[in-house]
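Q: Handing over entry_20.pdb, PDB, C-alpha atoms, pLDDT in the B column.
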```
MODEL        1
ATOM      1  CA  SER A   1      13.839   5.674  10.825  1.00 56.00           C
ATOM      2  CA  SER A   2      10.770   7.815  11.376  1.00 58.00           C
ATOM      3  CA  ASP A   3      11.719   8.197  15.081  1.00 68.00           C
ATOM      4  CA  LEU A   4      15.030   9.846  14.218  1.00 74.00           C
ATOM      5  CA  PHE A   5      13.401  12.041  11.605  1.00 72.00           C
ATOM      6  CA  THR A   6      10.691  13.117  14.039  1.00 74.00           C
ATOM      7  CA  GLU A   7      13.198  13.853  16.805  1.00 78.00           C
ATOM      8  CA  GLY A   8      15.382  15.895  14.448  1.00 83.00           C
ATOM      9  CA  PHE A   9      12.401  17.750  13.053  1.00 82.00           C
ATOM     10  CA  LEU A  10      11.081  18.590  16.511  1.00 84.00           C
ATOM     11  CA  LEU A  11      14.503  19.815  17.659  1.00 86.00           C
ATOM     12  CA  GLU A  12      14.402  22.424  14.925  1.00 89.00           C
ATOM     13  CA  VAL A  13      10.764  23.513  15.151  1.00 89.00           C
ATOM     14  CA  ASN A  14       9.716  22.799  18.729  1.00 84.00           C
ATOM     15  CA  ASP A  15       9.625  26.490  19.655  1.00 87.00           C
ATOM     16  CA  ILE A  16       7.661  27.604  16.600  1.00 92.00           C
ATOM     17  CA  ILE A  17       4.923  24.986  16.130  1.00 89.00           C
ATOM     18  CA  SER A  18       1.708  24.899  18.082  1.00 90.00           C
ATOM     19  CA  LYS A  19       0.395  22.128  20.302  1.00 87.00           C
ATOM     20  CA  GLU A  20      -2.255  21.397  17.667  1.00 90.00           C
ATOM     21  CA  GLU A  21       0.428  21.022  14.971  1.00 90.00           C
ATOM     22  CA  LYS A  22       2.325  18.583  17.192  1.00 88.00           C
ATOM     23  CA  GLU A  23      -0.860  16.589  17.755  1.00 86.00           C
ATOM     24  CA  LEU A  24      -1.361  16.307  13.971  1.00 91.00           C
ATOM     25  CA  LEU A  25       2.248  15.482  13.109  1.00 90.00           C
ATOM     26  CA  TYR A  26       1.737  11.701  13.282  1.00 91.00           C
ATOM     27  CA  TYR A  27      -1.121  11.929  10.780  1.00 94.00           C
ATOM     28  CA  SER A  28       1.028  14.101   8.515  1.00 92.00           C
ATOM     29  CA  ILE A  29       3.651  11.346   8.431  1.00 90.00           C
ATOM     30  CA  ILE A  30       0.989   8.803   7.434  1.00 94.00           C
ATOM     31  CA  ILE A  31      -0.480  11.059   4.737  1.00 96.00           C
ATOM     32  CA  ILE A  32       2.837  11.930   3.083  1.00 95.00           C
ATOM     33  CA  THR A  33       3.931   8.286   3.085  1.00 96.00           C
ATOM     34  CA  LEU A  34       0.617   7.211   1.521  1.00 97.00           C
ATOM     35  CA  GLU A  35       0.906  10.008  -1.027  1.00 97.00           C
ATOM     36  CA  CYS A  36       4.394   8.923  -2.060  1.00 97.00           C
ATOM     37  CA  GLY A  37       3.340   5.287  -2.324  1.00 98.00           C
ATOM     38  CA  THR A  38       0.343   6.250  -4.426  1.00 98.00           C
ATOM     39  CA  ARG A  39       2.484   8.395  -6.724  1.00 98.00           C
ATOM     40  CA  PHE A  40       4.984   5.562  -7.198  1.00 98.00           C
ATOM     41  CA  LEU A  41       2.186   3.111  -7.951  1.00 98.00           C
ATOM     42  CA  THR A  42       0.490   5.522 -10.347  1.00 98.00           C
ATOM     43  CA  ASP A  43       3.748   6.122 -12.178  1.00 97.00           C
ATOM     44  CA  TYR A  44       4.365   2.360 -12.402  1.00 98.00           C
ATOM     45  CA  LEU A  45       0.885   1.880 -13.897  1.00 98.00           C
ATOM     46  CA  ASP A  46       1.601   4.747 -16.325  1.00 97.00           C
ATOM     47  CA  ASN A  47       4.791   3.072 -17.621  1.00 96.00           C
ATOM     48  CA  ASN A  48       7.219   5.015 -15.391  1.00 96.00           C
ATOM     49  CA  LYS A  49       6.967   8.399 -17.067  1.00 96.00           C
ATOM     50  CA  TYR A  50       7.529  10.656 -14.046  1.00 96.00           C
ATOM     51  CA  PHE A  51      10.141   9.155 -11.702  1.00 94.00           C
ATOM     52  CA  LYS A  52      13.532   7.986 -12.885  1.00 96.00           C
ATOM     53  CA  VAL A  53      13.679   4.199 -12.524  1.00 96.00           C
ATOM     54  CA  LEU A  54      16.370   1.531 -12.613  1.00 97.00           C
ATOM     55  CA  ASP A  55      14.067  -1.064 -14.161  1.00 97.00           C
ATOM     56  CA  LYS A  56      10.406  -1.599 -15.089  1.00 97.00           C
ATOM     57  CA  GLU A  57       9.410  -2.748 -11.565  1.00 98.00           C
ATOM     58  CA  HIS A  58      11.306  -0.052  -9.622  1.00 98.00           C
ATOM     59  CA  ASN A  59       8.277   2.142  -8.870  1.00 97.00           C
ATOM     60  CA  LEU A  60       6.215  -0.896  -7.912  1.00 98.00           C
ATOM     61  CA  ARG A  61       8.865  -1.828  -5.344  1.00 98.00           C
ATOM     62  CA  ARG A  62       8.945   1.761  -4.091  1.00 98.00           C
ATOM     63  CA  ALA A  63       5.161   1.738  -3.677  1.00 98.00           C
ATOM     64  CA  LYS A  64       5.248  -1.543  -1.755  1.00 98.00           C
ATOM     65  CA  VAL A  65       7.914  -0.173   0.597  1.00 98.00           C
ATOM     66  CA  ALA A  66       5.877   2.984   1.234  1.00 97.00           C
ATOM     67  CA  PHE A  67       2.715   1.002   1.968  1.00 98.00           C
ATOM     68  CA  LYS A  68       4.618  -1.363   4.288  1.00 97.00           C
ATOM     69  CA  GLU A  69       5.975   1.694   6.098  1.00 95.00           C
ATOM     70  CA  VAL A  70       2.413   2.909   6.672  1.00 96.00           C
ATOM     71  CA  ILE A  71       1.592  -0.455   8.254  1.00 97.00           C
ATOM     72  CA  LEU A  72       4.637  -0.138  10.537  1.00 95.00           C
ATOM     73  CA  LEU A  73       3.690   3.422  11.423  1.00 93.00           C
ATOM     74  CA  GLU A  74       0.188   2.266  12.347  1.00 95.00           C
ATOM     75  CA  LYS A  75       1.571  -0.569  14.488  1.00 96.00           C
ATOM     76  CA  ASN A  76       3.741   1.947  16.347  1.00 92.00           C
ATOM     77  CA  LYS A  77       1.148   4.734  16.479  1.00 93.00           C
ATOM     78  CA  ASN A  78       1.067   5.188  20.257  1.00 93.00           C
ATOM     79  CA  LYS A  79       4.851   5.092  20.582  1.00 90.00           C
ATOM     80  CA  ILE A  80       5.273   7.669  17.810  1.00 88.00           C
ATOM     81  CA  ILE A  81       2.577   9.979  19.166  1.00 89.00           C
ATOM     82  CA  ASN A  82       4.040   9.759  22.665  1.00 88.00           C
ATOM     83  CA  SER A  83       7.522  10.630  21.358  1.00 85.00           C
ATOM     84  CA  ILE A  84       6.099  13.624  19.494  1.00 86.00           C
ATOM     85  CA  LEU A  85       4.159  14.960  22.472  1.00 85.00           C
ATOM     86  CA  LYS A  86       6.808  14.410  25.161  1.00 79.00           C
TER      87      LYS A  86
ENDMDL
END
```
Can you present the structure in this file as structure tokens?
A:
Amino acid sequence: SSDLFTEGFLLEVNDIISKEEKELLYYSIIIITLECGTRFLTDYLDNNKYFKVLDKEHNLRRAKVAFKEVILLEKNKNKIINSILK
């Protein structure tokens, strides 16, 4: 889950990142997830030329999962931000 990833990430970098970087971390998670979803969707529309796929719809499913994750991240925005800034 993103909570475990964030906690693990912060354990390793807490002493070397700035307050401003911590404040932007939530938005970084959103951006990278959107980027991945967009890349999967683009590859699907381009006949799966970049990512290795198991079947023709694989990248479409990947894109849908990434976009659903963004929705979940948005629903849990305050909780995530609070866990980052604690």
Q: Determine, counting only C-alpha atoms, which protein, DNA and RNA residues have an atom within 8 Å of an atom of Leu60 of chain A; residues of the same chain fewer than 4 positions away are not included. Present the result as a count of residues only.
A: 4
Q: Between atom CA of Tyr26 of chain A and atom CA of Lys86 of chain A, what is the spacing in Å?
A: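 Between these atoms lies a distance of 13.2 Å.
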Q: Taking the file as I've supplied it (selection: the PyMOL selection byres ((chain A and resi 36) around 12)), which residues are included? Please answer as a VMD selection string.
A: chain A and resid 29 to 35 37 to 43 51 59 to 60 62 to 67 69 to 70
Q: From the set A:Tyr50, A:Thr6, A:Val13, A:Tyr27, which residue has the shortest atom-to-atom contact distance to Lys77 of chain A, counting all atoms listed in the file?
A: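 Of the candidates, the smallest distance to Lys77 of chain A is held by A:Tyr27.
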Q: Could you state the separation of atom CA of Lys52 of chain A and atom CA of Glu74 of chain A in Å, given to one decimal place?
A: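 Separating atom CA of Lys52 of chain A from atom CA of Glu74 of chain A is a distance of 29.1 Å.
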Q: Report, in Å to a single decimal, how far apart atom CA of Asn76 of chain A and atom CA of Gly8 of chain A are.
A: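 Going from atom CA of Gly8 of chain A over to atom CA of Asn76 of chain A covers 18.3 Å.
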Q: Between A:Lys22, A:Lys68, A:Arg61, A:Lys56, single out the one closest to Ile84 of chain A, counting all atoms listed in the file.
A: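 Using all atoms listed in the file, Ile84 of chain A sits closest to A:Lys22.
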Q: Centre and edge lengths of an axis-aligned box around all listed atoms of segment 39-53 of chain A, with 8 Å added on each side, are to be given in Å to one decimal, as lines of an AutoDock Vina configuration file.
A:
```
center_x = 7.1
center_y = 6.3
center_z = -12.2
size_x = 29.2
size_y = 24.8
size_z = 26.9
```
Q: For Ile81 of chain A, which residue out of A:Leu24, A:Val53, A:His58, A:Ser18 is the nearest one, using all atoms listed in the file?
A: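 Checking each candidate against Ile81 of chain A, we get A:Leu24 as the closest.
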Q: List the neighbours of Glu7 of chain A out to 10 Å using all atoms listed in the file; skip same-chain residues closer than 5 positions along the sequence, and give me the result as a PDB file with C-alpha atoms, keeping the file's coordinate frame.
A:
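Result saved to part_12.pdb:
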```
ATOM      1  CA  SER A   2      10.770   7.815  11.376  1.00 58.00           C
ATOM      2  CA  GLU A  12      14.402  22.424  14.925  1.00 89.00           C
ATOM      3  CA  ASN A  14       9.716  22.799  18.729  1.00 84.00           C
ATOM      4  CA  SER A  83       7.522  10.630  21.358  1.00 85.00           C
ATOM      5  CA  ILE A  84       6.099  13.624  19.494  1.00 86.00           C
TER       6      ILE A  84
END
```
Q: Kindly indicate which residue among A:Leu73, A:Leu4, A:Leu85, A:Leu54 lies nearest to Glu20 of chain A, using only C-alpha atoms for the distances.
A: A:Leu85
